[in-house]
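**Student:** See start_9.cif below, with mmCIF, C-alpha atoms.
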data_final
#
loop_
_atom_site.label_atom_id
_atom_site.label_comp_id
_atom_site.auth_asym_id
_atom_site.auth_seq_id
_atom_site.Cartn_x
_atom_site.Cartn_y
_atom_site.Cartn_z
CA MET K 1 0.00 0.00 0.00
CA ASN K 2 2.95 2.25 0.53
CA ALA K 3 3.40 2.55 -3.20
CA LEU K 4 0.02 4.19 -3.45
CA LEU K 5 0.82 6.77 -0.83
CA LEU K 6 1.57 10.17 -2.12
CA ALA K 7 4.47 12.10 -0.79
CA GLN K 8 2.97 14.64 1.50
CA ALA K 9 4.90 17.63 0.37
CA GLU K 10 5.06 16.91 -3.35
CA GLU K 11 2.50 18.58 -5.56
CA PRO K 12 1.46 16.49 -8.58
CA GLN K 13 3.47 17.42 -11.63
CA PRO K 14 1.56 18.40 -14.80
CA PRO K 15 1.06 15.05 -16.52
CA LEU K 16 2.45 16.14 -19.88
CA ILE K 17 5.86 17.21 -18.60
CA PRO K 18 8.25 14.27 -18.87
CA HIS K 19 10.29 13.42 -15.83
CA LEU K 20 13.93 13.35 -16.92
CA ASP K 21 14.91 10.35 -14.77
CA GLU K 22 12.02 8.34 -16.16
CA LEU K 23 12.90 9.38 -19.70
CA VAL K 24 16.47 8.16 -19.27
CA ILE K 25 15.43 4.90 -17.63
CA GLY K 26 12.83 4.32 -20.31
CA LEU K 27 15.38 4.86 -23.07
CA ILE K 28 17.89 2.57 -21.37
CA ALA K 29 15.25 -0.12 -20.94
CA PHE K 30 14.32 0.14 -24.60
CA VAL K 31 17.94 0.12 -25.75
CA ILE K 32 18.50 -3.07 -23.77
CA VAL K 33 15.61 -4.73 -25.58
CA PHE K 34 16.67 -3.37 -28.96
CA GLY K 35 20.29 -4.39 -28.42
CA PHE K 36 19.52 -7.98 -27.57
CA LEU K 37 16.93 -8.40 -30.27
CA ALA K 38 18.76 -6.61 -33.07
CA LYS K 39 22.25 -7.95 -32.39
CA LYS K 40 21.60 -11.50 -31.37
CA LEU K 41 18.13 -12.92 -31.16
CA LEU K 42 16.50 -11.76 -34.37
CA PRO K 43 19.54 -12.60 -36.56
CA ASN K 44 19.42 -16.03 -34.90
CA ILE K 45 15.84 -16.62 -35.84
CA ASN K 46 16.26 -15.10 -39.30
CA LYS K 47 18.98 -17.60 -40.03
CA VAL K 48 16.78 -20.47 -38.95
CA LEU K 49 13.80 -19.10 -40.87
CA ASP K 50 15.95 -18.91 -44.01
CA GLU K 51 17.21 -22.41 -43.41
CA ARG K 52 13.69 -23.62 -42.92
CA ARG K 53 12.54 -21.94 -46.11
CA GLU K 54 15.40 -23.53 -47.98
CA ALA K 55 14.63 -26.90 -46.44
CA ILE K 56 11.00 -26.59 -47.47
CA GLU K 57 11.95 -25.40 -50.93
CA GLY K 58 14.47 -28.23 -51.19
CA GLY K 59 11.79 -30.68 -50.11
CA ILE K 60 9.42 -29.31 -52.69
CA GLU K 61 12.11 -29.50 -55.34
CA LYS K 62 12.88 -33.06 -54.37
CA ALA K 63 9.22 -33.97 -54.53
CA GLU K 64 8.95 -32.28 -57.90
CA SER K 65 11.93 -34.12 -59.31
CA ALA K 66 10.60 -37.40 -57.91
CA GLN K 67 7.30 -36.69 -59.54
CA ILE K 68 8.98 -35.90 -62.85
CA GLU K 69 10.96 -39.11 -62.61
CA ALA K 70 7.87 -41.10 -61.76
CA GLN K 71 6.13 -39.52 -64.73
CA SER K 72 8.95 -40.43 -67.08
CA VAL K 73 9.07 -43.96 -65.74
CA LEU K 74 5.33 -44.25 -66.17
CA GLU K 75 5.61 -43.02 -69.73
CA GLN K 76 8.41 -45.45 -70.36
CA TYR K 77 6.28 -48.27 -69.02
CA LYS K 78 3.37 -47.17 -71.09
CA ALA K 79 5.55 -47.03 -74.18
CA GLN K 80 6.91 -50.46 -73.41
CA LEU K 81 3.46 -51.81 -72.81
CA ALA K 82 2.22 -50.33 -76.07
CA GLU K 83 5.22 -51.78 -77.85
CA ALA K 84 4.59 -55.19 -76.31
CA ARG K 85 0.97 -55.04 -77.35
CA HIS K 86 1.98 -54.01 -80.79
CA GLU K 87 4.50 -56.85 -80.95
CA ALA K 88 1.90 -59.34 -79.74
CA ALA K 89 -0.56 -58.12 -82.33
CA ARG K 90 2.11 -58.37 -85.00
CA LEU K 91 3.02 -61.89 -83.91
CA ARG K 92 -0.60 -62.92 -83.90
CA GLN K 93 -1.05 -61.46 -87.35
CA GLU K 94 2.05 -63.22 -88.55
CA ALA K 95 0.95 -66.52 -87.04
CA THR K 96 -2.45 -66.18 -88.65
CA GLU K 97 -0.85 -65.43 -91.97
CA GLN K 98 1.56 -68.28 -91.62
CA GLY K 99 -1.22 -70.64 -90.58
CA THR K 100 -3.29 -69.61 -93.58
CA ALA K 101 -0.29 -70.08 -95.84
CA ILE K 102 0.42 -73.49 -94.38
CA ILE K 103 -3.17 -74.54 -94.77
CA GLN K 104 -3.14 -73.32 -98.37
CA GLU K 105 0.08 -75.17 -99.03
CA MET K 106 -1.21 -78.32 -97.41
CA LYS K 107 -4.37 -78.10 -99.44
CA ALA K 108 -2.41 -77.64 -102.63
CA GLU K 109 -0.09 -80.48 -101.69
CA GLY K 110 -3.02 -82.73 -100.89
CA GLN K 111 -4.65 -81.87 -104.17
CA ARG K 112 -1.46 -82.52 -106.02
CA GLN K 113 -0.92 -85.86 -104.28
CA ARG K 114 -4.47 -86.89 -104.90
CA GLU K 115 -4.11 -86.07 -108.55
CA GLU K 116 -0.82 -87.95 -108.67
CA ILE K 117 -2.35 -90.96 -107.01
CA ILE K 118 -5.31 -90.83 -109.35
CA ALA K 119 -3.01 -90.47 -112.39
CA ALA K 120 -0.83 -93.34 -111.17
CA GLY K 121 -3.98 -95.41 -110.65
CA HIS K 122 -5.15 -94.67 -114.14
CA THR K 123 -1.80 -95.58 -115.62
CA GLN K 124 -1.68 -98.77 -113.61
CA ILE K 125 -5.17 -99.71 -114.61
CA GLU K 126 -4.32 -98.97 -118.24
CA ALA K 127 -1.15 -101.06 -118.03
CA ASP K 128 -2.98 -103.92 -116.26
CA ARG K 129 -5.73 -103.76 -118.79
CA LYS K 130 -3.20 -103.91 -121.62
CA ALA K 131 -1.32 -106.76 -119.98
CA ALA K 132 -4.57 -108.56 -119.25
CA SER K 133 -5.71 -108.03 -122.78
CA ALA K 134 -2.35 -109.23 -124.19
CA SER K 135 -2.31 -112.28 -121.94
CA LEU K 136 -5.94 -112.94 -122.65
CA ARG K 137 -5.33 -112.75 -126.32
CA GLN K 138 -2.51 -115.30 -126.00
CA ASP K 139 -4.44 -117.58 -123.68
CA VAL K 140 -7.58 -117.40 -125.73
CA GLY K 141 -5.50 -118.13 -128.87
CA LYS K 142 -3.82 -121.03 -127.14
CA LEU K 143 -7.07 -122.38 -125.79
CA ALA K 144 -8.77 -122.00 -129.13
CA THR K 145 -5.86 -123.67 -130.87
CA ASP K 146 -5.77 -126.46 -128.34
CA LEU K 147 -9.47 -126.88 -128.68
CA ALA K 148 -9.31 -126.79 -132.41
CA GLY K 149 -6.36 -129.22 -132.38
CA LYS K 150 -8.27 -131.61 -130.18
CA LEU K 151 -11.33 -131.23 -132.34
CA VAL K 152 -9.43 -131.78 -135.54
CA GLY K 153 -7.26 -134.33 -133.92
CA GLU K 154 -4.04 -133.12 -135.19
CA SER K 155 -1.59 -130.62 -133.96
CA LEU K 156 -1.57 -127.36 -135.73
CA GLU K 157 0.71 -125.74 -133.33
CA ASP K 158 3.82 -125.22 -135.33
CA THR K 159 2.46 -123.96 -138.49
CA ALA K 160 2.67 -120.32 -139.36
CA ARG K 161 -0.56 -120.57 -141.15
CA GLN K 162 -2.26 -121.63 -138.06
CA SER K 163 -0.97 -118.64 -136.19
CA ARG K 164 -1.94 -116.22 -138.90
CA THR K 165 -5.39 -117.76 -138.95
CA ILE K 166 -5.75 -117.32 -135.22
CA ASP K 167 -4.56 -113.72 -135.35
CA ARG K 168 -6.90 -112.97 -138.11
CA PHE K 169 -9.73 -114.54 -136.16
CA LEU K 170 -8.90 -112.54 -133.12
CA ASP K 171 -8.64 -109.31 -135.07
CA GLU K 172 -12.05 -110.03 -136.46
CA LEU K 173 -13.31 -110.60 -132.95
CA GLU K 174 -11.81 -107.32 -131.84
CA GLU K 175 -13.26 -105.47 -134.73
CA LYS K 176 -16.62 -106.93 -133.88
CA ALA K 177 -16.18 -105.84 -130.29
CA GLU K 178 -15.17 -102.36 -131.48
CA ALA K 179 -18.18 -102.19 -133.71
CA VAL K 180 -20.44 -103.25 -130.81
CA ARG K 181 -18.88 -100.75 -128.41
CA MET E 182 -5.04 19.42 -1.99
CA SER E 183 -5.81 18.97 1.68
CA ALA E 184 -3.95 16.66 3.97
CA ASP E 185 -6.59 13.91 4.11
CA GLN E 186 -6.82 13.83 0.33
CA THR E 187 -3.14 13.24 -0.10
CA LEU E 188 -3.67 9.77 1.21
CA ALA E 189 -4.60 7.94 -1.93
CA PHE E 190 -5.90 4.93 -0.13
CA ASP E 191 -7.27 4.59 3.35
CA PRO E 192 -8.47 1.04 4.19
CA ASP E 193 -11.04 2.27 6.69
CA CYS E 194 -12.71 4.77 4.41
CA HIS E 195 -16.21 3.54 3.39
CA ILE E 196 -19.47 5.08 2.31
CA PHE E 197 -21.93 6.06 5.11
CA SER E 198 -19.02 6.45 7.51
CA GLY E 199 -18.56 10.15 7.03
CA CYS E 200 -15.66 9.69 4.68
CA GLY E 201 -15.52 11.21 1.20
CA PHE E 202 -14.73 9.12 -1.91
CA PRO E 203 -10.97 9.07 -2.34
CA ALA E 204 -11.16 9.78 -6.06
CA PRO E 205 -8.09 8.90 -8.07
CA GLY E 206 -6.31 11.71 -9.80
CA LEU E 207 -2.89 12.81 -10.87
CA HIS E 208 -1.51 11.67 -7.54
CA THR E 209 -2.43 8.11 -8.58
CA PHE E 210 0.43 8.32 -11.03
CA MET E 211 3.02 9.51 -8.57
CA TYR E 212 5.19 7.15 -6.62
CA GLU E 213 7.58 7.62 -3.81
CA PRO E 214 11.09 6.45 -4.57
CA ILE E 215 11.79 2.90 -3.51
CA ALA E 216 15.51 3.45 -3.47
CA THR E 217 18.11 5.87 -4.67
CA VAL E 218 20.77 4.57 -7.02
CA GLY E 219 23.53 6.89 -8.12
CA GLY E 220 21.54 10.01 -7.42
CA ILE E 221 18.47 8.76 -9.28
CA ASP E 222 15.35 8.10 -7.27
CA ILE E 223 14.12 4.70 -8.35
CA THR E 224 10.34 4.49 -8.40
CA LYS E 225 8.03 1.59 -9.11
CA PRO E 226 7.40 2.59 -12.76
CA MET E 227 11.16 2.74 -13.38
CA LEU E 228 11.57 -0.67 -11.84
CA LEU E 229 8.73 -1.98 -13.98
CA ALA E 230 10.33 -0.48 -17.08
CA VAL E 231 13.59 -2.28 -16.46
CA LEU E 232 11.74 -5.43 -15.43
CA GLY E 233 9.70 -5.18 -18.61
CA SER E 234 12.78 -5.05 -20.78
CA ILE E 235 14.14 -8.07 -18.91
CA VAL E 236 10.87 -9.91 -19.54
CA VAL E 237 10.96 -9.12 -23.26
CA VAL E 238 14.62 -10.06 -23.61
CA GLY E 239 14.05 -13.14 -21.46
CA PHE E 240 11.14 -14.29 -23.55
CA PHE E 241 12.94 -13.82 -26.85
CA TRP E 242 16.06 -15.38 -25.38
CA ALA E 243 14.09 -18.47 -24.47
CA ALA E 244 12.45 -18.50 -27.87
CA PHE E 245 15.28 -17.56 -30.21
CA ASN E 246 18.59 -18.24 -28.44
CA LYS E 247 18.92 -21.71 -29.86
CA PRO E 248 16.39 -21.74 -32.63
CA LYS E 249 15.61 -25.00 -34.34
CA LEU E 250 14.41 -25.83 -37.81
CA ILE E 251 11.45 -27.56 -36.22
CA PRO E 252 10.41 -25.08 -33.55
CA GLY E 253 9.54 -25.84 -29.95
CA LYS E 254 6.59 -24.24 -28.22
CA MET E 255 8.40 -21.10 -27.12
CA GLN E 256 10.01 -20.62 -30.49
CA MET E 257 6.67 -21.09 -32.19
CA VAL E 258 5.08 -18.37 -30.06
CA GLY E 259 8.09 -16.10 -30.57
CA GLU E 260 8.00 -16.66 -34.30
CA ALA E 261 4.31 -15.85 -34.39
CA GLY E 262 4.96 -12.54 -32.58
CA TYR E 263 7.96 -11.75 -34.71
CA ASP E 264 6.08 -12.57 -37.88
CA PHE E 265 3.11 -10.47 -36.79
CA VAL E 266 5.22 -7.32 -36.54
CA ARG E 267 7.43 -8.14 -39.51
CA ARG E 268 4.74 -9.12 -41.99
CA GLY E 269 1.69 -7.53 -40.41
CA ILE E 270 3.17 -4.10 -39.83
CA VAL E 271 6.59 -3.43 -41.35
CA TYR E 272 6.14 -5.22 -44.69
CA GLU E 273 2.62 -3.84 -44.98
CA ILE E 274 3.59 -0.21 -44.41
CA ILE E 275 7.18 0.18 -45.58
CA GLY E 276 7.38 -2.75 -47.95
CA LYS E 277 9.52 -5.83 -47.89
CA LYS E 278 12.59 -4.42 -49.62
CA ASP E 279 12.95 -1.15 -47.71
CA GLY E 280 11.37 -2.38 -44.52
CA GLU E 281 13.66 -5.30 -43.71
CA LYS E 282 16.25 -2.97 -42.17
CA TYR E 283 13.74 -1.60 -39.66
CA VAL E 284 12.26 -4.92 -38.59
CA PRO E 285 14.44 -5.37 -35.47
CA PHE E 286 13.66 -1.85 -34.28
CA MET E 287 9.93 -2.20 -34.85
CA VAL E 288 9.78 -5.64 -33.24
CA SER E 289 11.61 -4.31 -30.18
CA LEU E 290 9.36 -1.29 -30.09
CA PHE E 291 6.17 -3.30 -30.30
CA PHE E 292 7.02 -5.79 -27.59
CA PHE E 293 8.57 -3.17 -25.36
CA VAL E 294 5.51 -0.94 -25.54
CA TRP E 295 3.20 -3.90 -25.14
CA ILE E 296 4.81 -5.18 -21.96
CA MET E 297 4.91 -1.61 -20.58
CA ASN E 298 1.16 -1.44 -21.20
CA LEU E 299 0.57 -4.96 -19.93
CA TRP E 300 1.95 -4.16 -16.49
CA SER E 301 -1.36 -2.37 -15.98
CA ILE E 302 -3.26 -5.59 -15.34
CA ILE E 303 -0.52 -7.84 -14.04
CA PRO E 304 -1.07 -8.45 -10.33
CA LEU E 305 1.31 -6.60 -8.00
CA ALA E 306 2.63 -4.49 -10.87
CA GLN E 307 -0.76 -3.02 -11.78
CA PHE E 308 0.59 0.09 -13.34
CA PRO E 309 1.03 0.87 -17.03
CA VAL E 310 4.48 2.38 -17.30
CA THR E 311 3.44 4.13 -20.51
CA SER E 312 0.89 6.18 -18.56
CA LEU E 313 3.84 8.34 -17.54
CA ILE E 314 4.54 10.67 -20.46
CA ALA E 315 8.32 10.28 -20.12
CA PHE E 316 8.27 6.71 -21.42
CA PRO E 317 6.18 7.22 -24.57
CA ALA E 318 7.99 10.54 -25.10
CA GLY E 319 11.36 8.84 -25.09
CA LEU E 320 10.22 6.27 -27.63
CA ALA E 321 8.52 8.89 -29.78
CA LEU E 322 11.72 10.91 -29.65
CA ILE E 323 13.74 8.00 -31.02
CA VAL E 324 11.25 7.59 -33.86
CA TYR E 325 11.29 11.34 -34.48
CA VAL E 326 15.08 11.49 -34.70
CA MET E 327 15.06 8.45 -36.93
CA TRP E 328 12.48 10.03 -39.22
CA ILE E 329 14.35 13.32 -39.58
CA SER E 330 17.75 11.75 -40.14
CA LEU E 331 16.32 9.32 -42.67
CA THR E 332 14.56 12.11 -44.51
CA PHE E 333 17.72 14.18 -44.95
CA LYS E 334 19.87 11.17 -45.69
CA LYS E 335 17.53 10.02 -48.42
CA HIS E 336 16.66 13.36 -50.05
CA GLY E 337 19.53 15.65 -49.16
CA PHE E 338 19.09 18.99 -47.41
CA VAL E 339 16.70 20.74 -49.81
CA GLY E 340 14.91 17.57 -50.82
CA GLY E 341 14.55 16.65 -47.18
CA TRP E 342 12.84 19.91 -46.36
CA LYS E 343 10.64 19.54 -49.41
CA ASN E 344 9.69 16.10 -48.20
CA ILE E 345 8.93 17.33 -44.70
CA VAL E 346 6.74 20.26 -45.76
CA GLY E 347 5.06 18.29 -48.57
CA TYR E 348 6.33 20.59 -51.31
CA ASP E 349 4.42 19.88 -54.51
CA LYS E 350 4.31 22.40 -57.37
CA SER E 351 1.08 21.03 -58.75
CA LEU E 352 -0.76 22.39 -55.72
CA GLY E 353 -0.41 25.92 -57.17
CA ALA E 354 -1.95 28.71 -55.14
CA ILE E 355 -2.57 26.73 -51.98
CA LEU E 356 1.03 25.54 -51.84
CA PRO E 357 2.14 28.12 -49.21
CA MET E 358 -0.71 27.14 -46.96
CA VAL E 359 0.07 23.46 -47.35
CA VAL E 360 3.73 24.06 -46.63
CA VAL E 361 2.98 25.92 -43.40
CA LEU E 362 0.43 23.35 -42.29
CA GLU E 363 2.64 20.38 -43.09
CA PHE E 364 5.59 22.03 -41.39
CA PHE E 365 3.71 22.36 -38.13
CA SER E 366 1.89 19.09 -38.49
CA ASN E 367 4.89 16.93 -39.31
CA LEU E 368 7.70 18.60 -37.50
CA LEU E 369 6.08 19.89 -34.33
CA ILE E 370 2.76 18.24 -33.67
CA ARG E 371 3.33 14.73 -34.91
CA PRO E 372 5.95 13.60 -32.36
CA PHE E 373 3.78 15.09 -29.65
CA THR E 374 0.63 13.27 -30.76
CA HIS E 375 2.60 10.10 -31.30
CA ALA E 376 3.65 10.08 -27.63
CA VAL E 377 0.43 11.49 -26.20
CA ARG E 378 -1.83 9.02 -28.02
CA LEU E 379 -0.18 6.17 -26.18
CA PHE E 380 0.20 8.03 -22.92
CA ALA E 381 -3.40 9.26 -22.77
CA ASN E 382 -4.90 5.89 -23.59
CA MET E 383 -2.97 4.15 -20.88
CA PHE E 384 -3.46 7.01 -18.45
CA ALA E 385 -7.23 6.97 -18.91
CA GLY E 386 -7.42 3.20 -18.79
CA HIS E 387 -5.49 3.03 -15.57
CA LEU E 388 -7.55 5.82 -14.07
CA LEU E 389 -10.75 3.92 -14.84
CA ILE E 390 -9.51 0.68 -13.34
CA VAL E 391 -8.26 2.46 -10.23
CA MET E 392 -11.48 4.39 -9.89
CA PHE E 393 -13.70 1.31 -10.06
CA SER E 394 -11.38 -0.58 -7.75
CA LEU E 395 -11.42 2.19 -5.19
CA ALA E 396 -15.16 2.57 -5.56
CA THR E 397 -15.68 -1.14 -5.01
CA TRP E 398 -13.81 -0.91 -1.72
CA TYR E 399 -15.36 2.39 -0.75
CA LEU E 400 -18.92 1.19 -1.37
CA MET E 401 -18.55 -1.91 0.79
CA ASN E 402 -20.73 -0.69 3.63
CA GLY E 403 -24.45 -1.26 4.26
CA LEU E 404 -26.59 -0.69 1.20
CA GLY E 405 -23.46 0.24 -0.69
CA PHE E 406 -22.62 -3.44 -1.14
CA VAL E 407 -25.10 -3.59 -4.06
CA TYR E 408 -23.22 -0.82 -5.83
CA ALA E 409 -19.90 -2.35 -4.84
CA GLY E 410 -20.88 -5.47 -6.80
CA ALA E 411 -21.67 -3.42 -9.90
CA SER E 412 -18.44 -1.53 -9.48
CA PHE E 413 -16.49 -4.75 -9.21
CA VAL E 414 -18.07 -6.03 -12.41
CA MET E 415 -16.84 -2.82 -14.02
CA VAL E 416 -13.34 -3.53 -12.73
CA LEU E 417 -13.43 -6.89 -14.49
CA VAL E 418 -14.87 -5.39 -17.66
CA MET E 419 -12.33 -2.60 -17.72
CA THR E 420 -9.49 -5.02 -17.07
CA ALA E 421 -10.53 -7.13 -20.04
CA PHE E 422 -10.99 -4.02 -22.12
CA GLU E 423 -7.56 -2.75 -21.14
CA LEU E 424 -6.02 -6.03 -22.21
CA PHE E 425 -7.38 -5.28 -25.65
CA ILE E 426 -6.44 -1.58 -25.61
CA GLN E 427 -2.87 -2.33 -24.51
CA ALA E 428 -2.27 -4.46 -27.57
CA VAL E 429 -4.05 -2.03 -29.86
CA GLN E 430 -2.03 0.94 -28.61
CA ALA E 431 1.25 -0.91 -28.97
CA TYR E 432 0.17 -1.83 -32.49
CA VAL E 433 -0.82 1.74 -33.32
CA PHE E 434 2.40 3.14 -31.92
CA VAL E 435 4.50 0.86 -34.12
CA LEU E 436 2.20 1.34 -37.08
CA LEU E 437 2.72 5.11 -36.87
CA ALA E 438 6.46 4.70 -36.45
CA CYS E 439 6.47 2.62 -39.62
CA SER E 440 4.38 5.11 -41.53
CA TYR E 441 6.77 7.92 -40.52
CA VAL E 442 9.74 5.90 -41.74
CA GLN E 443 7.87 5.10 -44.91
CA GLY E 444 7.15 8.82 -45.38
CA ALA E 445 10.83 9.60 -45.01
CA LEU E 446 11.80 6.99 -47.59
CA SER E 447 9.12 7.76 -50.17
CA GLU E 448 9.83 10.10 -53.07
CA HIS E 449 6.73 12.20 -52.60
CA HIS E 450 5.27 13.10 -49.33
#
Could the structure of this file be written out as structure tokens, please?
**Tutor:**
Amino acid sequence: MNALLLAQAEEPQPPLIPHLDELVIGLIAFVIVFGFLAKKLLPNINKVLDERREAIEGGIEKAESAQIEAQSVLEQYKAQLAEARHEAARLRQEATEQGTAIIQEMKAEGQRQREEIIAAGHTQIEADRKAASASLRQDVGKLATDLAGKLVGESLEDTARQSRTIDRFLDELEEKAEAVR
Amino acid sequence: MSADQTLAFDPDCHIFSGCGFPAPGLHTFMYEPIATVGGIDITKPMLLAVLGSIVVVGFFWAAFNKPKLIPGKMQMVGEAGYDFVRRGIVYEIIGKKDGEKYVPFMVSLFFFVWIMNLWSIIPLAQFPVTSLIAFPAGLALIVYVMWISLTFKKHGFVGGWKNIVGYDKSLGAILPMVVVLEFFSNLLIRPFTHAVRLFANMFAGHLLIVMFSLATWYLMNGLGFVYAGASFVMVLVMTAFELFIQAVQAYVFVLLACSYVQGALSEHH
């Protein structure tokens, strides 16, 4: 309470007249604050604030570069994927083409073989027919001669006349067959 | 002033007991010296002023002495305060490029003035140091000297005077009037209003708090208790209001200091 007591003798000073002692103390007190803050503490914090800004900017830069890298990798993958797809499509196309070609070839080959077999068959048949006909002609001649010999009772085998007669007979038979056919 | 009025506070003085209301006045702002150091009488406001500067330095020491990239709690609060003055006042008024140089001064000024104001509602201190004109006057004087020296340094002797009196040829006929007005306004009145604005606000605020406090005590007798309650509510209201005003006045004081510096640095007044 003593602080609130007014000195008995002292008249209150006009409030707008600065008290010199107070002015000096006030200035000193302010200079103390200013000195500490301006010389030491604020430079301290400024340094850290700059560092922090740089750290944040560095972090952002790092993130950006990572993002760019990721983007490029993604594009690379996409390109590779597209290439692979393209390759697969190409291979499929090629396989299809090849398959078609093979089938065509096989078909052609089959056709050709069939024709060959048929031709060979025809030739064989023709040859067999000719052989059969030749052998038949001989056998029939022989049989007829034998028969005729038996009928006549004498052998006509060795005579050229006989053979000419038989040939002539057979030719006549053939001509008849031709005429019938 | 009679002898019984010189006693600012008498514990036994209540209403209905034949004792007049011990109204606060100029004597509320006068303190007896606590001690005498080197021929200077140390009073409570002086002690609070020095204590205030220790508090400010102590706080910023705790916050910024070993600052870290990832701030602790103290550093975070300190950074918020620092950023408020730096970005909110200095960069806004002077600009980032020119203003950076004045940031330490303005930050010191803001927190110094604020703590001086804050003493008003801090228990046991309970006195705004800035309600004594000497303290705001000293600070205003620093700003004033800074403003004048900056003006002449930036614009030279003639240019400096032109800047101070707002010399502008395009004003034509009213130029002489403007020059005279600006001369008085800038050179003589402005430092005065700069100091008094702060002083008067804190003076009035303290007077109100003291008055309602004294009234609360004085009215505590008989029927007066009802009024004492109302008076006490006013003490609380005024205390809260002062908390706001203290910050606002510190802000305004620094804002004006910045605008003076900006005026000194600008090409045209």
**Student:** Closest to chain K among E:Val377, E:Met358, E:Leu369, E:Val346, using all atoms listed in the file?
**Tutor:**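 The shortest atom-to-atom distance to chain K comes from E:Val377.
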**Student:** Choose the residue, out of E:Ile303, E:Leu320, E:Cys194, E:Leu331, that has the smallest atom-to-atom separation from chain K; count only C-alpha atoms.
**Tutor:**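 Among the listed residues, E:Leu320 lies closest to chain K.
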**Student:** Give the residues of chain E that lie within 7 Å of chain K; count all atoms listed in the file, and format the answer as an NGL selection string.
**Tutor:** :E and (187-190 or 207-209 or 211-213 or 221 or 227 or 230-231 or 234 or 237-238 or 241-242 or 245-246 or 248-250 or 285-286 or 289 or 293 or 314-316 or 319)
**Student:** To one decimal in Å, tell me the separation between CA of Glu61 (chain K) and CA of Val258 (chain E).
**Tutor:** 28.5 Å
**Student:** Using the chain letters and numbers from this file, what does the PyMOL selection byres ((chain E and resi 393-409) around 10) select? Give the answer as a VMD selection string.
**Tutor:** chain E and resid 189 to 198 200 to 205 388 to 392 410 to 417 419
**Student:** In Å, rounded to a single decimal, give me how far CA of Gly259 (chain E) is from CA of Ala244 (chain E).
**Tutor:**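 Between these atoms lies a distance of 5.7 Å.
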**Student:** In Å, with one decimal, what is the gap from CA of Ile118 (chain K) to CA of Ile103 (chain K)?
**Tutor:** 22.0 Å
**Student:** Determine the residue set returned by the PyMOL selection byres ((chain E and resi 371-375) around 8) for the present structure, and present it as a ChimeraX atom specification.
**Tutor:** /E:318,321-322,325,366-370,376-379,434,437
**Student:** Filtering to C-alpha atoms, could you give me those residues as an mmCIF file, keeping the file's coordinate frame?
**Tutor:**
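File written: part-v6.cif
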data_model
loop_
_atom_site.group_PDB
_atom_site.id
_atom_site.type_symbol
_atom_site.label_atom_id
_atom_site.label_comp_id
_atom_site.auth_asym_id
_atom_site.auth_seq_id
_atom_site.Cartn_x
_atom_site.Cartn_y
_atom_site.Cartn_z
ATOM 1 C CA ALA E 318 7.990 10.540 -25.100
ATOM 2 C CA ALA E 321 8.520 8.890 -29.780
ATOM 3 C CA LEU E 322 11.720 10.910 -29.650
ATOM 4 C CA TYR E 325 11.290 11.340 -34.480
ATOM 5 C CA SER E 366 1.890 19.090 -38.490
ATOM 6 C CA ASN E 367 4.890 16.930 -39.310
ATOM 7 C CA LEU E 368 7.700 18.600 -37.500
ATOM 8 C CA LEU E 369 6.080 19.890 -34.330
ATOM 9 C CA ILE E 370 2.760 18.240 -33.670
ATOM 10 C CA ALA E 376 3.650 10.080 -27.630
ATOM 11 C CA VAL E 377 0.430 11.490 -26.200
ATOM 12 C CA ARG E 378 -1.830 9.020 -28.020
ATOM 13 C CA LEU E 379 -0.180 6.170 -26.180
ATOM 14 C CA PHE E 434 2.400 3.140 -31.920
ATOM 15 C CA LEU E 437 2.720 5.110 -36.870
#
**Student:** Please write as a VMD selection string the full residue list that the PyMOL selection byres ((chain K and resi 145) around 9) yields on this file.
**Tutor:** chain K and resid 140 to 144 146 to 150 155 to 157 162 to 163 166
**Student:** Would you list the contacts of Tyr283 (chain E) as a compact mmCIF listing (two decimals) with C-alpha atoms, in the coordinates of the input, taking every protein, DNA or RNA residue within 12 Å and counting only C-alpha atoms, but skipping same-chain residues closer than 3 positions in sequence?
**Tutor:**
# COMPACT_ATOMS: atom_id res chain seq x y z
CA PHE K 34 16.67 -3.37 -28.96
CA ALA K 38 18.76 -6.61 -33.07
CA LEU K 42 16.50 -11.76 -34.37
CA VAL E 266 5.22 -7.32 -36.54
CA ARG E 267 7.43 -8.14 -39.51
CA ARG E 268 4.74 -9.12 -41.99
CA ILE E 270 3.17 -4.10 -39.83
CA VAL E 271 6.59 -3.43 -41.35
CA TYR E 272 6.14 -5.22 -44.69
CA ILE E 274 3.59 -0.21 -44.41
CA ILE E 275 7.18 0.18 -45.58
CA GLY E 276 7.38 -2.75 -47.95
CA LYS E 277 9.52 -5.83 -47.89
CA LYS E 278 12.59 -4.42 -49.62
CA ASP E 279 12.95 -1.15 -47.71
CA GLY E 280 11.37 -2.38 -44.52
CA PHE E 286 13.66 -1.85 -34.28
CA MET E 287 9.93 -2.20 -34.85
CA VAL E 288 9.78 -5.64 -33.24
CA SER E 289 11.61 -4.31 -30.18
CA LEU E 290 9.36 -1.29 -30.09
CA VAL E 324 11.25 7.59 -33.86
CA MET E 327 15.06 8.45 -36.93
CA TRP E 328 12.48 10.03 -39.22
CA LEU E 331 16.32 9.32 -42.67
CA VAL E 435 4.50 0.86 -34.12
CA ALA E 438 6.46 4.70 -36.45
CA CYS E 439 6.47 2.62 -39.62
CA SER E 440 4.38 5.11 -41.53
CA TYR E 441 6.77 7.92 -40.52
CA VAL E 442 9.74 5.90 -41.74
CA GLN E 443 7.87 5.10 -44.91
CA LEU E 446 11.80 6.99 -47.59
